[in-house]
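**Q** One structure follows; several queries about it will come next.
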Amino acid sequence: MQPLELSGVTKTFTAHLQGGMRLPVLRDLDLVVRRGECVALTGPSGIGKSSVLKLIYGNYRCDAGAILVRDGGDVVDVASAANVVDVVDVGDVVDVVDVVDVATAPPRQILSLRRRALGYVTQFLRAVPRVSALDIVAEALIDVPRETARAHAAAMLTRFNVPQRLWTLSPATFSGGEQQRVNLARGLLPRRPILLLDEPTASLDAANRAVVVDIVRERKEQGASVVAIVHDESVRDAIADTCVDVARFATAA
Amino acid sequence: MMASDEIPLLAANGLAKYYGRRVGCADISFDLYQGEVLAIVGESGSGKSTLLQLLSGQLRPSAGDIRYRLRDGSTADVWDMSEPMRRLLFRTDWGYVHQDAQLGLRMGISAGGNVGERLMAVGARNYGAIRAAATDWLSRVEIDESRIDDTPRTYSGGMRQRLQIARNLVTAPRLVFMDEPTGGLDVSVQARLLDLLRRLVADLNIAVIVVTHDLAVARLLSTRIMVMKAGAVIEAGLTDQVLDDPREPYTQLLVSSILPT
């Protein structure tokens, strides 16, 4: 199988506080993402693009269908290369890796899948009181010695042009653009086989947009499978191999 | 053979507590693994504190059992073991952080004594080593060494809570119960305590069961959550999943009741 395969994914929210109003979002969504491929999700705001990413990450619960994620395999987690990860290019041989169905997996399995297989750049940074920008980024590297993680984090913050004088501060007081760059540094630091990007370039200047494009292209070359929501057409053209119009699967009026 | 981290550290099965005909909590089953942080949320009277007392061996359940994996790898039923054994577990391999630090500390003895006492319970006798460990733990919870000989009576609320945490963690427990650990603290003190707890729990790979009515605390500290109402667990799962995609009417009400900052 491919690193990521969604089939028949269906999601409806029920708003009990509004008299049990049902809000259907997605019906029978199919999506396959190959190794080294970037699929861009397109469609107007509110159509359910972010919901697709949240379903893959296990953040939203899936009502029906399967969300199969290949756990392990052929992308090196360079950031945890300190732990020596064997690079095995399994090609078409898939029986050496586990497949997890996020739609039905128990919490513990989703957590371990996230640690190993899923990278996710969320739309907004969730700042933690008292935790510095450097540590917020470094914490994305799990199972890596703290100082090594900080060194990787520093390199990433530098790449995103976050001035060093901000590194020791909590991002809670940063500007929107600064927070987004810290968030990108955090989300893009771990090199996992699947990368989910939710509006990574929304409030970035041209220089930082180019950094995002470079990193995504690097990851694709290393074999990562990418699902991206990108409104900026030039960025989308630069990273995406395929576009999937989520409106085809949307049930919203 | 399963690796030891494949066996739950604590497994609750069909737990219930009845006070006469009134239900404290009922039909509660879950597994907790090493290093996991489980939050139990719900409003006052939902049974979450009753459940915490059952789990920590302080209150005998009316039905069900609690199995705990001991350090030697064997598993024992918490309520089948002898009372001294259960007390030993409570003093060494478990920790219990009370909302009211006065319940978890000895207010009349020094801060160093409070930390050292738990070490002595596991057999430490060398005064120098005990004092060194106490000093180390006070610094880890950000209490100045110069305050080691003061009693907690002279400490602020936030300091008392941090001292209580040091006292609990000095014996390197594998499981810590927390009952509203940040309740009653002002926000900056609460943020400091949460950050401290978050780091200590991650660094030491401790399993934690934390009762809180504060969903922000649950989100920050826990990876899994159980929502309780009227003595029953009505919804459970990954913390971010339950808070971002709540299913039950009551959970939706809880989540939608958070004040924006």
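Residues in the structure tokens are numbered from 1 in each chain, the chains being A, B, ... in the order shown, and ligands are numbered from 1 in the order shown.
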With only C-alpha atoms considered, list every residue of chain B at most 8 Å from chain A, as a PyMOL selection string.
**A** chain B and resi 191-192+195+220+224+237-238+240-241+244-245+247-249+252-253
**Q** Step one, run DSSP on the backbone; step two, keep only residues of stretch 53-88 of chain B assigned to helix (DSSP H, G or I); then write them as a PyMOL selection string.
**A** chain B and resi 53-55+83-88
**Q** Let's have the selection written as a CSV table (one decimal), in the first residue's frame, with N, CA and C atoms.
**A**
```csv
chain,number,residue,atom,x,y,z
B,53,GLN,N,-9.9,8.4,44.7
B,53,GLN,CA,-9.7,7.8,46.0
B,53,GLN,C,-9.7,6.2,45.9
B,54,LEU,N,-10.6,5.7,45.0
B,54,LEU,CA,-10.6,4.3,44.8
B,54,LEU,C,-9.3,3.8,44.2
B,55,LEU,N,-8.9,4.6,43.1
B,55,LEU,CA,-7.7,4.1,42.4
B,55,LEU,C,-6.5,4.2,43.2
B,83,GLU,N,-2.8,-4.5,54.1
B,83,GLU,CA,-2.8,-3.1,54.4
B,83,GLU,C,-1.4,-2.5,54.4
B,84,PRO,N,-0.4,-3.2,55.1
B,84,PRO,CA,0.9,-2.6,55.2
B,84,PRO,C,1.5,-2.5,53.8
B,85,MET,N,1.2,-3.5,52.9
B,85,MET,CA,1.8,-3.5,51.6
B,85,MET,C,1.2,-2.3,50.8
B,86,ARG,N,-0.1,-2.1,51.0
B,86,ARG,CA,-0.8,-1.0,50.2
B,86,ARG,C,-0.2,0.3,50.7
B,87,ARG,N,0.0,0.4,52.0
B,87,ARG,CA,0.6,1.7,52.6
B,87,ARG,C,2.0,1.9,52.0
B,88,LEU,N,2.7,0.8,51.9
B,88,LEU,CA,4.1,0.9,51.4
B,88,LEU,C,4.1,1.4,50.0
```
**Q** Tell me which protein, DNA and RNA residues are within 9 Å of B:Leu175, counting only C-alpha atoms, leaving out same-chain ones fewer than 4 positions away, and put them as a ChimeraX atom specification.
**A** /B:9-10,34-35,93-96,206-209
**Q** Of the residues A:Leu204, A:Leu189, A:Ala127, A:Pro145, which is the one nearest to A:Leu169, using only C-alpha atoms?
**A** A:Ala127
**Q** So which residues touch B:Ile143 within 12 Å, counting only C-alpha atoms, skipping near sequence neighbours fewer than 4 positions away, as a PyMOL selection string?
**A** chain B and resi 111-112+134-139+147-150+152+155-156+158-166+193+196
**Q** Using only N, CA and C atoms, please write the residues we just selected to a file, as a compact mmCIF listing (two decimals), in the first residue's frame.
**A**
```
# COMPACT_ATOMS: atom_id res chain seq x y z
N ALA B 111 10.93 22.13 55.41
CA ALA B 111 10.76 21.70 54.03
C ALA B 111 11.67 20.51 53.73
N GLY B 112 12.91 20.60 54.19
CA GLY B 112 13.86 19.49 53.99
C GLY B 112 13.35 18.22 54.64
N ALA B 134 17.15 16.18 49.31
CA ALA B 134 16.12 17.20 49.57
C ALA B 134 16.51 18.51 48.90
N THR B 135 17.77 18.88 49.03
CA THR B 135 18.25 20.13 48.42
C THR B 135 18.08 20.07 46.91
N ASP B 136 18.46 18.94 46.34
CA ASP B 136 18.34 18.77 44.90
C ASP B 136 16.88 18.92 44.47
N TRP B 137 15.97 18.28 45.22
CA TRP B 137 14.57 18.34 44.82
C TRP B 137 13.95 19.72 45.01
N LEU B 138 14.39 20.42 46.06
CA LEU B 138 13.89 21.78 46.22
C LEU B 138 14.30 22.63 45.03
N SER B 139 15.53 22.46 44.56
CA SER B 139 15.95 23.27 43.41
C SER B 139 15.18 22.86 42.16
N ARG B 147 15.73 28.18 51.91
CA ARG B 147 14.46 27.99 52.62
C ARG B 147 14.28 26.55 53.12
N ILE B 148 15.34 25.74 53.02
CA ILE B 148 15.21 24.31 53.33
C ILE B 148 14.85 24.04 54.79
N ASP B 149 15.29 24.91 55.70
CA ASP B 149 15.01 24.65 57.11
C ASP B 149 13.75 25.35 57.60
N ASP B 150 13.07 26.08 56.70
CA ASP B 150 11.82 26.72 57.09
C ASP B 150 10.66 25.73 56.99
N PRO B 152 6.72 24.72 56.01
CA PRO B 152 5.81 25.15 54.94
C PRO B 152 4.83 26.24 55.39
N TYR B 155 5.62 29.34 53.85
CA TYR B 155 5.65 29.35 52.38
C TYR B 155 4.35 29.92 51.80
N SER B 156 4.46 30.46 50.59
CA SER B 156 3.26 30.88 49.86
C SER B 156 2.52 29.65 49.35
N GLY B 158 1.79 28.77 46.28
CA GLY B 158 2.47 28.15 45.14
C GLY B 158 3.69 27.36 45.59
N MET B 159 4.43 27.92 46.56
CA MET B 159 5.62 27.21 47.07
C MET B 159 5.23 25.91 47.77
N ARG B 160 4.14 25.99 48.54
CA ARG B 160 3.69 24.78 49.25
C ARG B 160 3.35 23.68 48.24
N GLN B 161 2.69 24.10 47.16
CA GLN B 161 2.30 23.10 46.16
C GLN B 161 3.55 22.50 45.52
N ARG B 162 4.55 23.33 45.25
CA ARG B 162 5.78 22.81 44.65
C ARG B 162 6.53 21.90 45.63
N LEU B 163 6.47 22.28 46.91
CA LEU B 163 7.11 21.43 47.92
C LEU B 163 6.41 20.07 47.99
N GLN B 164 5.09 20.10 47.90
CA GLN B 164 4.33 18.85 47.94
C GLN B 164 4.73 17.94 46.77
N ILE B 165 4.97 18.57 45.62
CA ILE B 165 5.38 17.80 44.46
C ILE B 165 6.78 17.19 44.68
N ALA B 166 7.69 17.99 45.24
CA ALA B 166 9.04 17.48 45.53
C ALA B 166 8.96 16.30 46.50
N LEU B 193 3.57 26.26 37.92
CA LEU B 193 3.39 24.91 38.43
C LEU B 193 3.12 23.93 37.28
N LEU B 196 6.25 23.24 35.33
CA LEU B 196 7.10 22.37 36.13
C LEU B 196 6.61 20.92 36.08
```
**Q** Could you give me the residues within stretch 83-139 of chain B that DSSP places in strand (DSSP E or B), as a list in words?
**A**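 After running DSSP on the backbone, stretch 83-139 of chain B has strand (DSSP E or B) at Trp94, Gly95, Tyr96 and Val97 of chain B.
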**Q** Taking N, CA and C atoms for each residue, export the selection above as a PDB file, in the first residue's frame.
**A**
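Okay, again35.pdb is ready:
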```
ATOM      1  N   TRP B  94       3.982   5.199  44.609  1.00  0.00           N
ATOM      2  CA  TRP B  94       2.916   6.117  44.226  1.00  0.00           C
ATOM      3  C   TRP B  94       3.163   7.481  44.863  1.00  0.00           C
ATOM      4  N   GLY B  95       2.570   8.485  44.254  1.00  0.00           N
ATOM      5  CA  GLY B  95       2.547   9.796  44.868  1.00  0.00           C
ATOM      6  C   GLY B  95       1.121  10.275  44.863  1.00  0.00           C
ATOM      7  N   TYR B  96       0.805  11.201  45.769  1.00  0.00           N
ATOM      8  CA  TYR B  96      -0.542  11.753  45.776  1.00  0.00           C
ATOM      9  C   TYR B  96      -0.430  13.246  46.071  1.00  0.00           C
ATOM     10  N   VAL B  97      -0.776  14.044  45.079  1.00  0.00           N
ATOM     11  CA  VAL B  97      -0.702  15.494  45.243  1.00  0.00           C
ATOM     12  C   VAL B  97      -2.102  16.015  45.522  1.00  0.00           C
TER      13      VAL B  97
END
```
**Q** What's around A:Val121 at 6 Å? Count only C-alpha atoms, leave out sequence neighbours fewer than 2 positions away in its own chain, and write the answer as a ChimeraX atom specification.
**A** /A:187,197-198
**Q** I need the residues from that last selection saved to file as a PDB file, in the first residue's frame (with C-alpha atoms), if you can.
**A**
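Wrote again_21.pdb, looks like this:
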```
ATOM      1  CA  GLY A 187       6.060  21.488  12.764  1.00  0.00           C
ATOM      2  CA  LEU A 197       0.463  21.241   6.217  1.00  0.00           C
ATOM      3  CA  ASP A 198      -2.425  23.548   7.104  1.00  0.00           C
TER       4      ASP A 198
END
```
